[in-house]
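Engineer: What follows is a single structure, and I will ask about it in a moment.
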Amino acid sequence: MTPNIGVSCNVEEVLYGGLWTELAAMVPMTYVRAVARAGGRPLLLAPTPADMADPGPLLDLVDGVVITGGADLAAEAYGAAAHPETSPAIAGRDAFELALVNEASDRDMPCLGICRGMQIVNVAHGGTLEQHLPDRLEHDIHRGPGGDFADHHVDVEPDSLAAVAAGDTRVAVRSYHHQGVERVGDRLRVTARAEGDETVEAVEDPTRRFMLGVLWHPEEDETDRLIAAFVRECRAARAAGR
């Protein structure tokens with residue numbers, strides 16, 4: 001039984017044939033391959049006005065949803081003024097992904113937020129973001145040089161969904177981000193922190209079957225267990241008719 005996994009799209013300008021740019025809905029193939037490798041069928045979810053207003057019919061088609069990484073969430077979404085280092089946001093994507101998380105929570109549908117996706121999960125639950133971690137950190141372990149992913153470790157709470165999904169309480173991760181959690185959202189529990197600087201690395205809602213956000217990029221590691229655990233939960237939800 002192959003579960004259908006909704007994967008939210010980036011919305012950004014892309015170059016076509018070296019000739020012109022156009023606004024496009026797209027997903028890096030690392031997400032697609034990771035979901036497929038874990039036994040899921042990835043279905044790309046792009047924002048439309050109808051689905052932003054009511055994502056219910058769209059989520060009727062899937063057994064779980066992945067909120068992907070990408071550009072910064074607009075500071076206005078959590079009542080803040082934009083930091084100078086916060087990138088311009090695509091309002092349609094923000095609204096769409098916040099609606100997806102809220103609807104998934106209402107349905108108790110499995111939902112996994114990755115990097116920006118974790119930040120979406122936090123803001124959807126009423127939390128706020130720290131907009132530029134280097135303002136606080138003496139050594140920024142969360143971004144590699146020249147746009148490369150950084151490698152570091154996170155410490156995971158042993159009795160958490162994050163630990164079960166990741167398969168350990170100390171996990172080597174790959175990351176690339178400059179924002180993080182400031183105020184934790186309602187009902188969410190912090191279940192992982194970066195080794196060394198204590199940056200929040202995972203949040204989850206213990207009242208839901210699988211509502212988890214991680215700040216790292218599990219799709220970048222072919223040996224990572226987290227996406228496989230998420231797909232297993234989606235398969236169980238499909239078998240249960242939920």
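Residue numbers start at 1 in each chain; chains themselves are named A, B, ... in the order of the structure tokens; ligands are numbered from 1 in the order shown.
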Pick out the residues sitting within 10 Å of Thr199 (chain A), and hand them over as a ChimeraX atom specification; count only C-alpha atoms, and ignore anything fewer than 6 positions along from it in its own chain.

Structural biologist: /A:133,137,142,154,179-182,192-193,215

Engineer: Give me, as a ChimeraX atom specification, the residues of region 46-218 of chain A that a backbone DSSP run labels alpha helix (DSSP H).

Structural biologist: /A:49-53,56-59,91-107,116-124,161-166

Engineer: Could the residues in this selection be saved with C-alpha atoms as a PDB file, in the first residue's frame?

Structural biologist:
```
ATOM      1  CA  PRO A  49      -6.168  30.852  -4.444  1.00  0.00           C
ATOM      2  CA  ALA A  50      -8.781  28.143  -3.888  1.00  0.00           C
ATOM      3  CA  ASP A  51      -6.426  25.869  -1.947  1.00  0.00           C
ATOM      4  CA  MET A  52      -5.085  28.765   0.129  1.00  0.00           C
ATOM      5  CA  ALA A  53      -8.647  29.545   1.155  1.00  0.00           C
ATOM      6  CA  GLY A  56      -9.250  20.501   2.617  1.00  0.00           C
ATOM      7  CA  PRO A  57     -10.070  19.120  -0.856  1.00  0.00           C
ATOM      8  CA  LEU A  58      -6.360  19.043  -1.683  1.00  0.00           C
ATOM      9  CA  LEU A  59      -5.475  17.156   1.498  1.00  0.00           C
ATOM     10  CA  ALA A  91       3.056  35.739   0.183  1.00  0.00           C
ATOM     11  CA  GLY A  92       1.099  33.034  -1.637  1.00  0.00           C
ATOM     12  CA  ARG A  93       3.453  30.313  -0.490  1.00  0.00           C
ATOM     13  CA  ASP A  94       3.388  31.506   3.113  1.00  0.00           C
ATOM     14  CA  ALA A  95      -0.400  31.535   3.279  1.00  0.00           C
ATOM     15  CA  PHE A  96      -0.686  28.166   1.527  1.00  0.00           C
ATOM     16  CA  GLU A  97       1.736  26.327   3.794  1.00  0.00           C
ATOM     17  CA  LEU A  98       0.297  27.841   6.975  1.00  0.00           C
ATOM     18  CA  ALA A  99      -3.129  26.673   5.820  1.00  0.00           C
ATOM     19  CA  LEU A 100      -1.787  23.181   5.045  1.00  0.00           C
ATOM     20  CA  VAL A 101      -0.318  22.815   8.545  1.00  0.00           C
ATOM     21  CA  ASN A 102      -3.481  24.069  10.230  1.00  0.00           C
ATOM     22  CA  GLU A 103      -5.681  21.721   8.211  1.00  0.00           C
ATOM     23  CA  ALA A 104      -3.347  18.767   8.777  1.00  0.00           C
ATOM     24  CA  SER A 105      -3.430  19.454  12.510  1.00  0.00           C
ATOM     25  CA  ASP A 106      -7.229  19.665  12.519  1.00  0.00           C
ATOM     26  CA  ARG A 107      -7.387  16.293  10.723  1.00  0.00           C
ATOM     27  CA  ARG A 116      11.585  26.588   6.672  1.00  0.00           C
ATOM     28  CA  GLY A 117       8.868  23.950   7.055  1.00  0.00           C
ATOM     29  CA  MET A 118       9.657  23.657  10.787  1.00  0.00           C
ATOM     30  CA  GLN A 119       9.373  27.421  11.037  1.00  0.00           C
ATOM     31  CA  ILE A 120       5.984  27.228   9.282  1.00  0.00           C
ATOM     32  CA  VAL A 121       4.846  24.605  11.818  1.00  0.00           C
ATOM     33  CA  ASN A 122       5.897  26.888  14.677  1.00  0.00           C
ATOM     34  CA  VAL A 123       4.222  30.005  13.264  1.00  0.00           C
ATOM     35  CA  ALA A 124       1.052  28.076  12.372  1.00  0.00           C
ATOM     36  CA  LEU A 161       8.699  11.556  18.349  1.00  0.00           C
ATOM     37  CA  ALA A 162      11.861  13.159  16.940  1.00  0.00           C
ATOM     38  CA  ALA A 163      14.034  10.525  18.643  1.00  0.00           C
ATOM     39  CA  VAL A 164      11.821   7.664  17.446  1.00  0.00           C
ATOM     40  CA  ALA A 165      11.800   9.034  13.896  1.00  0.00           C
ATOM     41  CA  ALA A 166      15.528   9.855  13.751  1.00  0.00           C
TER      42      ALA A 166
END
```

Engineer: From the list A:Ala38, A:Ile90, A:Ala75, A:Ala239, which residue is nearest Ala25 (chain A) when using only C-alpha atoms?

Structural biologist: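 Distance minimum relative to Ala25 (chain A) lands on A:Ile90.
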
Engineer: Which one is closest to Val203 (chain A): A:Gly113, A:Ser87, A:Val173, A:Gly79? Count only C-alpha atoms.

Structural biologist: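 Closest candidate: A:Gly113.
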
Engineer: Any idea what's packed within 12 Å of Arg238 (chain A), counting only C-alpha atoms, ignoring anything in its chain fewer than 5 positions away? Could you give it as a list in words?

Structural biologist: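 Contacts, with the query itself left out: Met1, Thr2, Pro3, Asn4, Ile5, Gly40, Asp60, Leu61, Val62, Asp63, Gly64, Met109, Pro110, Val231, Arg232 and Glu233 of chain A.
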
Engineer: Okay, now the selection with C-alpha atoms, as a PDB file, in the first residue's frame?

Structural biologist:
```pdb
ATOM      1  CA  MET A   1       0.000   0.000   0.000  1.00  0.00           C
ATOM      2  CA  THR A   2       1.815   3.107  -1.248  1.00  0.00           C
ATOM      3  CA  PRO A   3       0.855   6.273   0.643  1.00  0.00           C
ATOM      4  CA  ASN A   4       0.432   9.529  -1.249  1.00  0.00           C
ATOM      5  CA  ILE A   5       2.708  12.191   0.241  1.00  0.00           C
ATOM      6  CA  GLY A  40       5.885   6.971  -0.612  1.00  0.00           C
ATOM      7  CA  ASP A  60      -8.252  14.679   0.707  1.00  0.00           C
ATOM      8  CA  LEU A  61      -5.880  13.401  -2.010  1.00  0.00           C
ATOM      9  CA  VAL A  62      -2.921  12.626   0.266  1.00  0.00           C
ATOM     10  CA  ASP A  63      -2.075  10.639   3.383  1.00  0.00           C
ATOM     11  CA  GLY A  64       0.455  13.088   4.790  1.00  0.00           C
ATOM     12  CA  MET A 109      -2.894  14.021   9.445  1.00  0.00           C
ATOM     13  CA  PRO A 110       0.858  13.235   9.522  1.00  0.00           C
ATOM     14  CA  VAL A 231       6.174   7.652   5.389  1.00  0.00           C
ATOM     15  CA  ARG A 232       5.498   4.618   7.594  1.00  0.00           C
ATOM     16  CA  GLU A 233       3.113   6.719   9.665  1.00  0.00           C
TER      17      GLU A 233
END
```

Engineer: Using only C-alpha atoms for the distances, tell me which of A:Gly167, A:Gly126, A:Gly146, A:Pro88 is nearest to Ile227 (chain A).

Structural biologist: A:Gly167

Engineer: Could you check the closest approach to Ser8 (chain A) for each of A:Met26, A:Ala89, A:Ala74, A:Leu212 and tell me which residue wins, using only C-alpha atoms?

Structural biologist: A:Met26
